[in-house]
$ cat coords30.txt   # compact mmCIF, C-alpha atoms
# COMPACT_ATOMS: atom_id res chain seq x y z
CA PRO A 300 0.00 0.00 0.00
CA SER A 301 0.97 3.60 -0.43
CA PRO A 302 2.36 5.09 2.79
CA PRO A 303 0.05 7.21 4.95
CA PRO A 304 0.73 10.97 5.20
CA LEU A 305 3.85 12.11 7.07
CA LEU A 306 2.82 13.89 10.27
CA HIS A 307 6.16 15.45 11.14
CA PRO A 308 8.51 15.76 8.13
CA GLN A 309 11.13 18.04 9.63
CA MET A 310 13.43 15.48 11.22
CA ALA A 311 12.58 12.17 9.58
CA GLY A 312 15.32 10.56 7.54
CA ARG A 313 18.39 8.42 7.96
CA SER A 314 20.99 11.13 7.32
CA LEU A 315 21.61 14.60 5.94
CA PRO A 316 24.69 15.86 4.08
CA LEU A 317 26.55 18.47 6.10
CA ALA A 318 25.61 21.38 3.84
CA THR A 319 21.95 20.37 3.87
CA ALA A 320 21.98 20.03 7.64
CA VAL A 321 23.34 23.56 8.08
CA ILE A 322 20.66 24.99 5.77
CA ALA A 323 17.94 23.07 7.58
CA LEU A 324 19.16 24.30 10.95
CA ALA A 325 19.17 27.89 9.74
CA ALA A 326 15.69 27.55 8.31
CA CYS A 327 14.33 26.05 11.51
CA ALA A 328 15.98 28.73 13.60
CA ALA A 329 14.32 31.39 11.49
CA ALA A 330 10.78 30.05 11.89
CA PHE A 331 9.93 26.84 13.67
CA VAL A 332 6.41 25.61 13.02
CA ALA A 333 5.02 22.95 15.34
CA PRO A 334 3.58 19.93 13.49
CA LYS A 335 -0.17 19.46 13.35
CA ALA A 336 -2.57 16.61 12.61
CA ASP A 337 -6.10 17.95 12.74
CA ASN A 338 -7.80 14.67 11.82
CA ALA A 339 -5.85 12.44 14.18
CA ILE A 340 -7.66 10.53 16.93
CA PHE A 341 -4.74 11.37 19.20
CA PHE A 342 -1.80 13.70 18.53
CA GLU A 343 1.08 14.88 20.67
CA ASN A 344 4.00 17.17 19.76
CA PHE A 345 5.13 18.17 23.30
CA GLN A 346 5.25 21.85 22.27
CA SER A 347 3.07 23.29 25.04
CA LYS A 348 5.10 25.91 26.92
CA SER A 349 3.05 25.77 30.10
CA ASN A 350 2.55 22.00 30.47
CA PRO A 351 3.92 19.80 27.66
CA LEU A 352 2.72 16.64 29.41
CA LYS A 353 -0.81 17.84 30.06
CA GLN A 354 -2.33 14.94 28.09
CA TRP A 355 -0.32 12.33 29.96
CA VAL A 356 -0.53 10.54 33.31
CA LYS A 357 2.58 8.92 34.74
CA THR A 358 2.09 5.44 36.08
CA GLN A 359 2.59 5.02 39.81
CA HIS A 360 3.55 1.36 39.54
CA SER A 361 6.69 0.55 41.52
CA MET A 362 8.63 -0.91 38.57
CA TYR A 363 8.75 2.43 36.74
CA SER A 364 11.21 5.29 37.22
CA ASN A 365 9.37 8.00 35.25
CA ASP A 366 12.09 10.67 35.19
CA PHE A 367 10.63 12.14 32.02
CA GLU A 368 12.01 15.36 30.57
CA VAL A 369 10.64 17.56 27.79
CA THR A 370 13.51 19.43 26.21
CA ALA A 371 14.92 20.71 22.90
CA GLU A 372 18.41 19.45 23.79
CA TYR A 373 18.42 16.83 21.04
CA SER A 374 16.49 18.80 18.39
CA LEU A 375 17.63 20.89 15.45
CA ASP A 376 15.70 23.88 16.77
CA GLU A 377 15.57 25.21 20.32
CA GLU A 378 11.78 25.55 20.01
CA ASP A 379 11.28 21.92 18.93
CA LYS A 380 10.76 20.01 22.17
CA THR A 381 10.92 16.26 22.54
CA LEU A 382 10.13 13.74 25.26
CA VAL A 383 13.40 12.42 26.73
CA LEU A 384 13.97 9.37 28.92
CA ALA A 385 16.87 10.79 30.87
CA ARG A 386 18.25 7.82 32.82
CA ALA A 387 19.59 4.57 31.42
CA ALA A 388 18.58 1.09 32.64
CA ARG A 389 15.15 2.23 33.87
CA HIS A 390 11.56 1.35 33.02
CA TYR A 391 9.36 4.24 31.91
CA GLY A 392 5.60 4.30 31.54
CA MET A 393 2.87 6.86 31.10
CA PHE A 394 -0.47 6.85 29.36
CA ALA A 395 -2.91 9.24 27.71
CA PRO A 396 -6.65 8.71 27.20
CA ALA A 397 -7.80 8.46 23.59
CA LYS A 398 -11.16 7.06 22.50
CA THR A 399 -11.04 5.57 19.04
CA GLY A 400 -14.61 4.41 18.80
CA SER A 401 -15.34 1.60 16.38
CA LEU A 402 -12.62 1.15 13.73
CA GLU A 403 -14.58 -1.40 11.75
CA GLY A 404 -14.25 -0.65 8.05
CA LYS A 405 -11.58 2.00 8.65
CA ASP A 406 -7.84 2.22 8.04
CA PHE A 407 -5.74 2.91 11.11
CA VAL A 408 -2.29 4.54 11.46
CA VAL A 409 0.14 4.68 14.39
CA GLN A 410 3.09 6.97 13.73
CA TYR A 411 5.81 8.53 15.85
CA GLU A 412 9.45 9.62 15.86
CA PHE A 413 12.15 7.94 17.92
CA LYS A 414 15.81 8.79 18.42
CA LEU A 415 18.63 6.96 20.24
CA ALA A 416 20.38 10.16 21.23
CA LYS A 417 23.09 8.35 23.21
CA GLY A 418 22.88 4.87 21.73
CA GLN A 419 21.22 1.89 23.35
CA GLU A 420 22.36 -1.40 24.87
CA CYS A 421 19.10 -3.02 25.90
CA GLY A 422 15.64 -1.51 25.90
CA GLY A 423 12.63 -0.50 23.88
CA GLY A 424 10.87 2.61 22.69
CA TYR A 425 7.51 1.17 21.75
CA LEU A 426 3.89 2.27 22.17
CA LYS A 427 0.93 0.26 23.39
CA LEU A 428 -2.70 0.96 22.57
CA VAL A 429 -4.58 -0.14 25.68
CA LEU A 430 -7.42 -2.55 25.01
CA GLU A 431 -9.47 -2.19 28.18
CA PRO A 432 -9.92 0.46 30.91
CA PHE A 433 -7.87 0.12 34.09
CA ASP A 434 -8.69 1.31 37.58
CA THR A 435 -5.97 3.71 38.73
CA PRO A 436 -2.62 5.13 37.55
CA LYS A 437 -0.96 2.71 39.96
CA SER A 438 -2.49 -0.27 38.15
CA PHE A 439 -1.07 0.74 34.76
CA ALA A 440 1.82 -1.67 34.14
CA ASN A 441 3.19 -4.14 31.64
CA SER A 442 0.33 -6.55 32.33
CA VAL A 443 -2.45 -4.20 31.18
CA PRO A 444 -4.19 -5.74 28.11
CA TYR A 445 -3.51 -3.94 24.84
CA SER A 446 -4.70 -4.15 21.26
CA ILE A 447 -1.44 -3.16 19.50
CA MET A 448 2.18 -2.94 20.61
CA PHE A 449 4.42 -1.23 18.07
CA GLY A 450 7.95 0.15 17.99
CA PRO A 451 11.68 -0.58 18.16
CA ASP A 452 13.21 -2.86 20.76
CA LYS A 453 16.89 -3.77 21.14
CA CYS A 454 18.84 -6.07 23.40
CA GLY A 455 22.23 -7.51 22.48
CA ASP A 456 22.31 -8.50 18.82
CA SER A 457 18.52 -8.43 18.54
CA LYS A 458 17.13 -5.17 17.16
CA LYS A 459 13.62 -5.45 15.78
CA VAL A 460 10.50 -3.36 15.32
CA HIS A 461 7.76 -5.04 17.32
CA PHE A 462 4.31 -5.39 15.89
CA ILE A 463 2.22 -7.44 18.29
CA PHE A 464 -1.52 -7.45 18.73
CA GLN A 465 -3.74 -9.09 21.30
CA HIS A 466 -6.99 -10.71 20.19
CA ARG A 467 -9.69 -12.25 22.35
CA ASN A 468 -10.62 -15.69 21.11
CA PRO A 469 -14.43 -15.67 20.66
CA ILE A 470 -14.70 -19.32 21.77
CA SER A 471 -12.28 -19.58 24.69
CA LYS A 472 -12.61 -15.88 25.65
CA GLN A 473 -8.84 -15.92 26.29
CA LEU A 474 -6.71 -12.95 25.24
CA VAL A 475 -4.04 -14.25 22.84
CA GLU A 476 -0.83 -12.40 21.88
CA HIS A 477 0.09 -12.58 18.18
CA HIS A 478 3.64 -11.68 17.05
CA LEU A 479 4.73 -10.62 13.57
CA LYS A 480 6.65 -13.59 12.13
CA ASP A 481 9.54 -11.65 10.60
CA PRO A 482 9.83 -8.22 12.24
CA PRO A 483 12.23 -5.83 10.46
CA GLN A 484 15.38 -4.49 12.04
CA PHE A 485 15.74 -0.79 12.77
CA PRO A 486 18.63 1.70 12.51
CA THR A 487 20.63 2.08 15.73
CA ASP A 488 22.37 5.32 14.81
CA GLU A 489 21.79 8.54 16.75
CA LEU A 490 19.48 10.12 14.17
CA THR A 491 15.73 10.67 14.39
CA HIS A 492 13.62 8.09 12.54
CA LEU A 493 9.91 7.96 11.79
CA TYR A 494 8.08 4.71 12.56
CA THR A 495 4.71 4.10 10.93
CA LEU A 496 2.26 1.23 11.25
CA TYR A 497 -0.54 1.22 8.69
CA VAL A 498 -3.39 -1.22 9.41
CA GLN A 499 -5.98 -1.42 6.66
CA ALA A 500 -9.67 -2.22 6.97
CA ASN A 501 -9.22 -5.31 4.77
CA GLY A 502 -6.89 -6.94 7.33
CA ASN A 503 -3.62 -6.09 5.61
CA PHE A 504 -0.84 -4.06 7.17
CA ALA A 505 2.39 -2.28 6.25
CA LEU A 506 5.28 -1.13 8.43
CA TYR A 507 7.45 1.82 7.43
CA ILE A 508 10.67 3.40 8.68
CA ASP A 509 11.25 6.91 7.34
CA GLN A 510 8.40 6.42 4.84
CA GLU A 511 10.13 3.37 3.32
CA GLU A 512 8.18 0.14 3.50
CA GLU A 513 10.05 -2.48 5.52
CA THR A 514 7.43 -5.22 5.52
CA SER A 515 3.75 -5.81 4.79
CA GLY A 516 1.28 -8.65 4.92
CA SER A 517 -1.91 -9.96 6.45
CA LEU A 518 -3.05 -9.95 10.06
CA LEU A 519 -4.44 -13.45 9.50
CA ALA A 520 -1.46 -15.03 7.72
CA ASP A 521 1.75 -13.39 8.98
CA PHE A 522 1.54 -13.72 12.77
CA VAL A 523 2.25 -16.46 15.29
CA PRO A 524 0.22 -18.02 16.65
CA PRO A 525 -2.30 -17.59 13.82
CA VAL A 526 -5.51 -15.73 14.57
CA ASN A 527 -7.56 -18.58 13.17
CA PRO A 528 -6.55 -21.77 15.05
CA ASP A 529 -6.16 -25.10 13.26
CA LYS A 530 -9.40 -27.08 12.89
CA VAL A 531 -7.78 -30.21 14.31
CA ILE A 532 -5.05 -30.52 16.94
CA ASP A 533 -3.01 -33.27 18.57
CA ASP A 534 -4.93 -35.10 21.25
CA PRO A 535 -3.20 -33.96 24.49
CA ASN A 536 -4.41 -37.14 26.25
CA ASP A 537 -3.04 -39.55 23.66
CA GLU A 538 0.11 -41.36 24.80
CA LYS A 539 2.63 -43.47 22.95
CA PRO A 540 2.03 -47.21 23.66
CA ASP A 541 4.73 -48.97 25.65
CA ASP A 542 5.18 -51.60 22.91
CA TRP A 543 5.48 -49.08 20.07
CA VAL A 544 8.69 -49.74 18.09
CA ASP A 545 10.13 -46.73 16.30
CA ASP A 546 13.65 -48.03 15.54
CA ALA A 547 13.75 -48.49 11.76
CA LYS A 548 17.00 -50.52 11.84
CA ILE A 549 18.38 -53.14 14.20
CA TYR A 550 21.57 -55.18 14.44
CA ASP A 551 21.22 -58.47 12.57
CA PRO A 552 20.69 -61.05 15.35
CA GLU A 553 21.75 -63.90 13.00
CA ALA A 554 25.11 -62.36 12.08
CA LYS A 555 28.31 -63.85 13.54
CA LYS A 556 31.82 -62.49 13.78
CA PRO A 557 34.13 -63.97 11.10
CA ALA A 558 36.70 -66.41 12.45
CA ASP A 559 39.61 -64.37 11.08
CA TRP A 560 38.41 -61.10 12.65
CA ASP A 561 41.14 -59.96 15.06
CA GLU A 562 39.77 -57.32 17.43
CA ASP A 563 43.13 -57.05 19.20
CA ALA A 564 45.14 -56.01 16.15
CA PRO A 565 46.59 -52.51 16.75
CA LYS A 566 45.54 -49.61 14.55
CA GLU A 567 49.19 -48.70 13.78
CA ILE A 568 52.37 -50.77 13.58
CA VAL A 569 56.11 -50.03 13.27
CA ASP A 570 57.21 -49.65 9.67
CA GLU A 571 59.72 -52.51 9.36
CA ASP A 572 60.83 -51.32 5.94
CA ALA A 573 61.91 -47.89 7.15
CA VAL A 574 65.64 -47.10 7.29
CA ILE A 575 67.56 -44.43 9.11
CA PRO A 576 67.86 -41.33 6.89
CA GLU A 577 71.24 -40.62 5.39
CA GLY A 578 73.05 -37.96 7.40
CA TRP A 579 71.23 -38.70 10.65
CA LEU A 580 73.61 -37.81 13.52
CA VAL A 581 73.05 -40.52 16.09
CA ASP A 582 75.71 -39.24 18.47
CA GLU A 583 74.63 -35.61 18.43
CA PRO A 584 72.25 -34.41 21.17
CA ALA A 585 69.04 -32.66 20.09
CA GLU A 586 69.85 -29.72 22.46
CA ILE A 587 73.12 -28.11 23.47
CA PRO A 588 74.13 -25.38 25.95
CA ASP A 589 73.63 -21.93 24.44
CA PRO A 590 77.13 -20.88 23.27
CA ASP A 591 76.16 -17.20 23.41
CA ALA A 592 74.89 -17.31 26.99
CA ALA A 593 76.98 -15.60 29.70
CA ILE A 594 76.95 -16.05 33.45
CA PRO A 595 74.96 -13.20 35.05
CA GLU A 596 77.02 -10.65 36.96
CA GLU A 597 74.97 -11.14 40.14
CA TRP A 598 75.46 -14.94 40.08
CA ASP A 599 77.00 -16.18 43.34
CA ALA A 600 78.41 -19.71 42.93
CA GLU A 601 78.49 -20.29 46.69
CA GLU A 602 74.79 -19.38 47.08
CA ASP A 603 73.41 -20.23 43.63
CA GLY A 604 75.53 -23.26 42.81
CA GLU A 605 77.40 -23.98 39.60
CA TRP A 606 75.99 -21.95 36.71
CA GLU A 607 74.83 -23.83 33.62
CA ALA A 608 74.01 -22.23 30.30
CA PRO A 609 70.40 -22.74 29.11
CA LEU A 610 69.80 -25.34 26.39
CA VAL A 611 69.00 -24.40 22.80
CA PRO A 612 68.20 -26.57 19.74
CA ASN A 613 71.33 -28.13 18.22
CA PRO A 614 71.89 -26.43 14.83
CA LYS A 615 73.55 -29.59 13.50
CA CYS A 616 70.19 -31.32 13.71
CA ASP A 617 68.43 -28.89 11.41
CA GLU A 618 69.23 -30.63 8.12
CA VAL A 619 68.27 -34.26 8.90
CA GLY A 620 68.06 -35.05 12.60
CA CYS A 621 69.94 -36.08 15.71
CA GLY A 622 69.86 -38.52 18.58
CA GLU A 623 68.51 -42.01 18.82
CA TRP A 624 66.53 -42.92 15.71
CA ALA A 625 63.29 -44.90 15.87
CA ALA A 626 61.34 -46.27 12.94
CA PRO A 627 58.03 -44.48 12.30
CA VAL A 628 54.63 -46.16 12.58
CA LYS A 629 52.21 -46.80 9.73
CA PRO A 630 48.55 -47.90 9.43
CA ASN A 631 48.12 -51.59 10.19
CA PRO A 632 46.65 -53.32 7.12
CA ALA A 633 45.28 -56.07 9.39
CA TYR A 634 43.42 -53.66 11.66
CA LYS A 635 39.64 -54.15 11.72
CA GLY A 636 38.62 -52.79 15.10
CA LYS A 637 35.78 -54.06 17.24
CA TRP A 638 33.31 -56.17 15.30
CA LYS A 639 29.65 -55.16 15.09
CA PRO A 640 26.86 -57.04 13.36
CA PRO A 641 25.43 -55.30 10.29
CA MET A 642 22.16 -53.34 10.46
CA ILE A 643 18.99 -54.71 8.89
CA ASP A 644 15.39 -53.52 8.56
CA ASN A 645 13.50 -53.94 11.80
CA PRO A 646 10.55 -56.31 11.19
CA ALA A 647 8.75 -54.87 14.23
CA TYR A 648 9.11 -51.25 13.09
CA LYS A 649 5.81 -49.33 13.17
CA GLY A 650 7.02 -45.94 12.01
CA PRO A 651 7.22 -42.59 13.83
CA TRP A 652 4.54 -42.28 16.49
CA ALA A 653 2.23 -39.26 16.50
CA PRO A 654 -0.75 -38.49 18.72
CA ALA A 655 -4.20 -38.82 17.27
CA LYS A 656 -5.91 -35.74 15.87
CA ILE A 657 -9.07 -34.35 17.43
CA ASP A 658 -11.33 -31.41 16.66
CA ASN A 659 -9.99 -28.19 18.10
CA PRO A 660 -12.33 -27.21 20.93
$ encode --input "coords30.txt" --output "structure tokens"
Amino acid sequence: PSPPPLLHPQMAGRSLPLATAVIALAACAAAFVAPKADNAIFFENFQSKSNPLKQWVKTQHSMYSNDFEVTAEYSLDEEDKTLVLARAARHYGMFAPAKTGSLEGKDFVVQYEFKLAKGQECGGGYLKLVLEPFDTPKSFANSVPYSIMFGPDKCGDSKKVHFIFQHRNPISKQLVEHHLKDPPQFPTDELTHLYTLYVQANGNFALYIDQEEETSGSLLADFVPPVNPDKVIDDPNDEKPDDWVDDAKIYDPEAKKPADWDEDAPKEIVDEDAVIPEGWLVDEPAEIPDPDAAIPEEWDAEEDGEWEAPLVPNPKCDEVGCGEWAAPVKPNPAYKGKWKPPMIDNPAYKGPWAPAKIDNP
């Protein structure tokens, strides 16, 4: 699908050439215009001078830090304020009321800008659209049911844009979480990027980063577990019979070890045909005292004993070899190893066992 309209075009984009950036900065400094979205169900630009968080309520749940700041520190223009999560390794959470009404037969767009101003090791910057009302600000936490969860999340080598939705099964009445099968990765630079989720009335969706489509598909076909469960499932009460044989091959019980099979024959034997190489110096040691070594000045023979030069490889051995010669070993042509009977088809084999199928309740 074609991308939905860009709500805030001033800072979206992966990079700007230096000259362009300078011009953009000058233009913004001359006349900053706050973005608008008159037809949006909910819109926030954090530009209110008196109370930029007036639409929001901070959660009072104990797991959240909530040291939110609204500042222009990371913007191109001193008038362009942004919401900043100031402290690392903290959970943040706040919510704002927004009534969508029925979205049946309507397209739906979630769009916002996100910037890793100081990089990120592990954490997320995603939004949740709450599915059901909750009692108090203190009760707003990670466990609150939601309809859509969308946005970047990074930890270690994993860096993906979440798109998860929760759907209440009409039969079981259970709320089921459905994850996008192949979520796209997102840029981890320190630039501002625009994230857009476009859900269409026909059940299709598209996900964009900086107005470039990263992935698209169907809500019914591209999520796990699928929205529509399988008609039949494995019977959870079916058990594999004790006498079920699933070994396709067995050792031949009729086979016998050949009479000439020697299990004790070594794998390698001395090569009796080998001869000492010409030039081998039998009487030369492999190592000799280092002729260039000198007794240290601080050496005290009475306390340290008689000094001996360290040993070094004998240079006379470099060409062929020195010292006592021993014939090398070679593979033993008579070696057969431990005897095992050959494998044959198992006459009792029944095939791989699988539980019976039953109708999915």
$ closest_residue --input "coords30.txt" --among "A:Leu415, A:Val460, A:Ala500, A:Cys421" --to "Glu403 of chain A" --atoms "all atoms listed in the file"
A:Ala500
$ residues_around --input "coords30.txt" --residues "Ile549 of chain A" --least-positions-apart "5" --cutoff "8 Å" --atoms "all atoms listed in the file" --output "tab-separated table (two decimals) with C-alpha atoms, in the coordinates of the input"
chain	number	residue	atom	x	y	z
A	642	MET	CA	22.16	-53.34	10.46
A	643	ILE	CA	18.99	-54.71	8.89
A	644	ASP	CA	15.39	-53.52	8.56
A	645	ASN	CA	13.50	-53.94	11.80
$ closest_residue --input "coords30.txt" --among "A:Asp546, A:Glu420, A:Glu368, A:Asp521" --to "Asp481 of chain A" --atoms "all atoms listed in the file"
A:Asp521
$ closest_residue --input "coords30.txt" --among "A:Ile575, A:Ala388, A:Ala547, A:Ala554" --to "Tyr648 of chain A" --atoms "all atoms listed in the file"
A:Ala547
$ residues_near_point --input "coords30.txt" --point "(12.7, 16.3, 25.2)" --cutoff "8 Å" --atoms "only C-alpha atoms" --output "ChimeraX atom specification"
/A:368-373,380-384
$ write_last_selection --input "coords30.txt" --atoms "C-alpha atoms" --output "short mmCIF file (atom, residue, chain, number, x, y, z; two decimals), in the frame of the given file"
data_model
loop_
_atom_site.label_atom_id
_atom_site.label_comp_id
_atom_site.auth_asym_id
_atom_site.auth_seq_id
_atom_site.Cartn_x
_atom_site.Cartn_y
_atom_site.Cartn_z
CA GLU A 368 12.01 15.36 30.57
CA VAL A 369 10.64 17.56 27.79
CA THR A 370 13.51 19.43 26.21
CA ALA A 371 14.92 20.71 22.90
CA GLU A 372 18.41 19.45 23.79
CA TYR A 373 18.42 16.83 21.04
CA LYS A 380 10.76 20.01 22.17
CA THR A 381 10.92 16.26 22.54
CA LEU A 382 10.13 13.74 25.26
CA VAL A 383 13.40 12.42 26.73
CA LEU A 384 13.97 9.37 28.92
#
$ residues_around --input "coords30.txt" --residues "Tyr363 of chain A" --least-positions-apart "6" --cutoff "8 Å" --atoms "only C-alpha atoms" --output "VMD selection string"
chain A and resid 389 to 392
$ write_last_selection --input "coords30.txt" --atoms "C-alpha atoms" --output "short mmCIF file (atom, residue, chain, number, x, y, z; two decimals), keeping the file's coordinate frame"
data_model
loop_
_atom_site.label_atom_id
_atom_site.label_comp_id
_atom_site.auth_asym_id
_atom_site.auth_seq_id
_atom_site.Cartn_x
_atom_site.Cartn_y
_atom_site.Cartn_z
CA ARG A 389 15.15 2.23 33.87
CA HIS A 390 11.56 1.35 33.02
CA TYR A 391 9.36 4.24 31.91
CA GLY A 392 5.60 4.30 31.54
#
$ residues_around --input "coords30.txt" --residues "Ala416 of chain A" --least-positions-apart "5" --cutoff "9 Å" --atoms "only C-alpha atoms" --output "PDB file with C-alpha atoms, in the frame of the given file"
ATOM      1  CA  TYR A 373      18.420  16.830  21.040  1.00  0.00           C
ATOM      2  CA  ASP A 488      22.370   5.320  14.810  1.00  0.00           C
ATOM      3  CA  GLU A 489      21.790   8.540  16.750  1.00  0.00           C
ATOM      4  CA  LEU A 490      19.480  10.120  14.170  1.00  0.00           C
ATOM      5  CA  THR A 491      15.730  10.670  14.390  1.00  0.00           C
TER       6      THR A 491
END
$ closest_residue --input "coords30.txt" --among "A:Pro444, A:Tyr507, A:Gln359, A:Gly502" --to "Ala520 of chain A" --atoms "all atoms listed in the file"
A:Gly502
$ closest_residue --input "coords30.txt" --among "A:Asp406, A:Glu605, A:Asp376, A:Asp533" --to "Phe504 of chain A" --atoms "all atoms listed in the file"
A:Asp406
$ closest_residue --input "coords30.txt" --among "A:Gln499, A:Lys530, A:Gly424, A:Ala339" --to "Lys458 of chain A" --atoms "only C-alpha atoms"
A:Gly424
$ atom_distance --input "coords30.txt" --atom1 "atom CA of Ala647 of chain A" --atom2 "atom CA of Asp542 of chain A"
9.9 Å
$ residues_around --input "coords30.txt" --residues "Val409 of chain A" --least-positions-apart "3" --cutoff "8 Å" --atoms "all atoms listed in the file" --output "VMD selection string"
chain A and resid 495 to 497
$ build_atoms --input "coords30.txt" --residues "segment 480-497 of chain A" --atoms "N, CA and C atoms" --output "CSV table (one decimal), in the frame of the given file"
chain,number,residue,atom,x,y,z
A,480,LYS,N,5.7,-12.5,12.3
A,480,LYS,CA,6.6,-13.6,12.1
A,480,LYS,C,8.1,-13.1,11.9
A,481,ASP,N,8.2,-12.1,11.0
A,481,ASP,CA,9.5,-11.6,10.6
A,481,ASP,C,9.6,-10.1,10.8
A,482,PRO,N,9.8,-9.7,12.0
A,482,PRO,CA,9.8,-8.2,12.2
A,482,PRO,C,11.1,-7.6,11.6
A,483,PRO,N,11.0,-6.4,11.0
A,483,PRO,CA,12.2,-5.8,10.5
A,483,PRO,C,13.2,-5.3,11.5
A,484,GLN,N,14.4,-5.1,11.2
A,484,GLN,CA,15.4,-4.5,12.0
A,484,GLN,C,15.3,-3.0,11.9
A,485,PHE,N,15.8,-2.2,12.8
A,485,PHE,CA,15.7,-0.8,12.8
A,485,PHE,C,17.1,-0.2,12.9
A,486,PRO,N,17.3,1.1,12.4
A,486,PRO,CA,18.6,1.7,12.5
A,486,PRO,C,19.0,2.1,14.0
A,487,THR,N,20.2,1.8,14.3
A,487,THR,CA,20.6,2.1,15.7
A,487,THR,C,21.6,3.3,15.8
A,488,ASP,N,21.6,4.1,14.8
A,488,ASP,CA,22.4,5.3,14.8
A,488,ASP,C,21.7,6.3,15.8
A,489,GLU,N,22.3,7.5,15.8
A,489,GLU,CA,21.8,8.5,16.8
A,489,GLU,C,21.0,9.6,16.0
A,490,LEU,N,20.3,9.2,14.9
A,490,LEU,CA,19.5,10.1,14.2
A,490,LEU,C,18.0,9.9,14.5
A,491,THR,N,17.2,10.8,14.2
A,491,THR,CA,15.7,10.7,14.4
A,491,THR,C,15.1,9.9,13.2
A,492,HIS,N,14.3,8.9,13.6
A,492,HIS,CA,13.6,8.1,12.5
A,492,HIS,C,12.1,8.0,12.8
A,493,LEU,N,11.4,8.0,11.7
A,493,LEU,CA,9.9,8.0,11.8
A,493,LEU,C,9.4,6.5,11.6
A,494,TYR,N,8.6,6.1,12.6
A,494,TYR,CA,8.1,4.7,12.6
A,494,TYR,C,6.6,4.8,12.3
A,495,THR,N,6.1,4.0,11.3
A,495,THR,CA,4.7,4.1,10.9
A,495,THR,C,4.1,2.7,10.8
A,496,LEU,N,3.0,2.5,11.4
A,496,LEU,CA,2.3,1.2,11.2
A,496,LEU,C,0.9,1.6,10.6
A,497,TYR,N,0.7,0.9,9.5
A,497,TYR,CA,-0.5,1.2,8.7
A,497,TYR,C,-1.4,-0.1,8.6
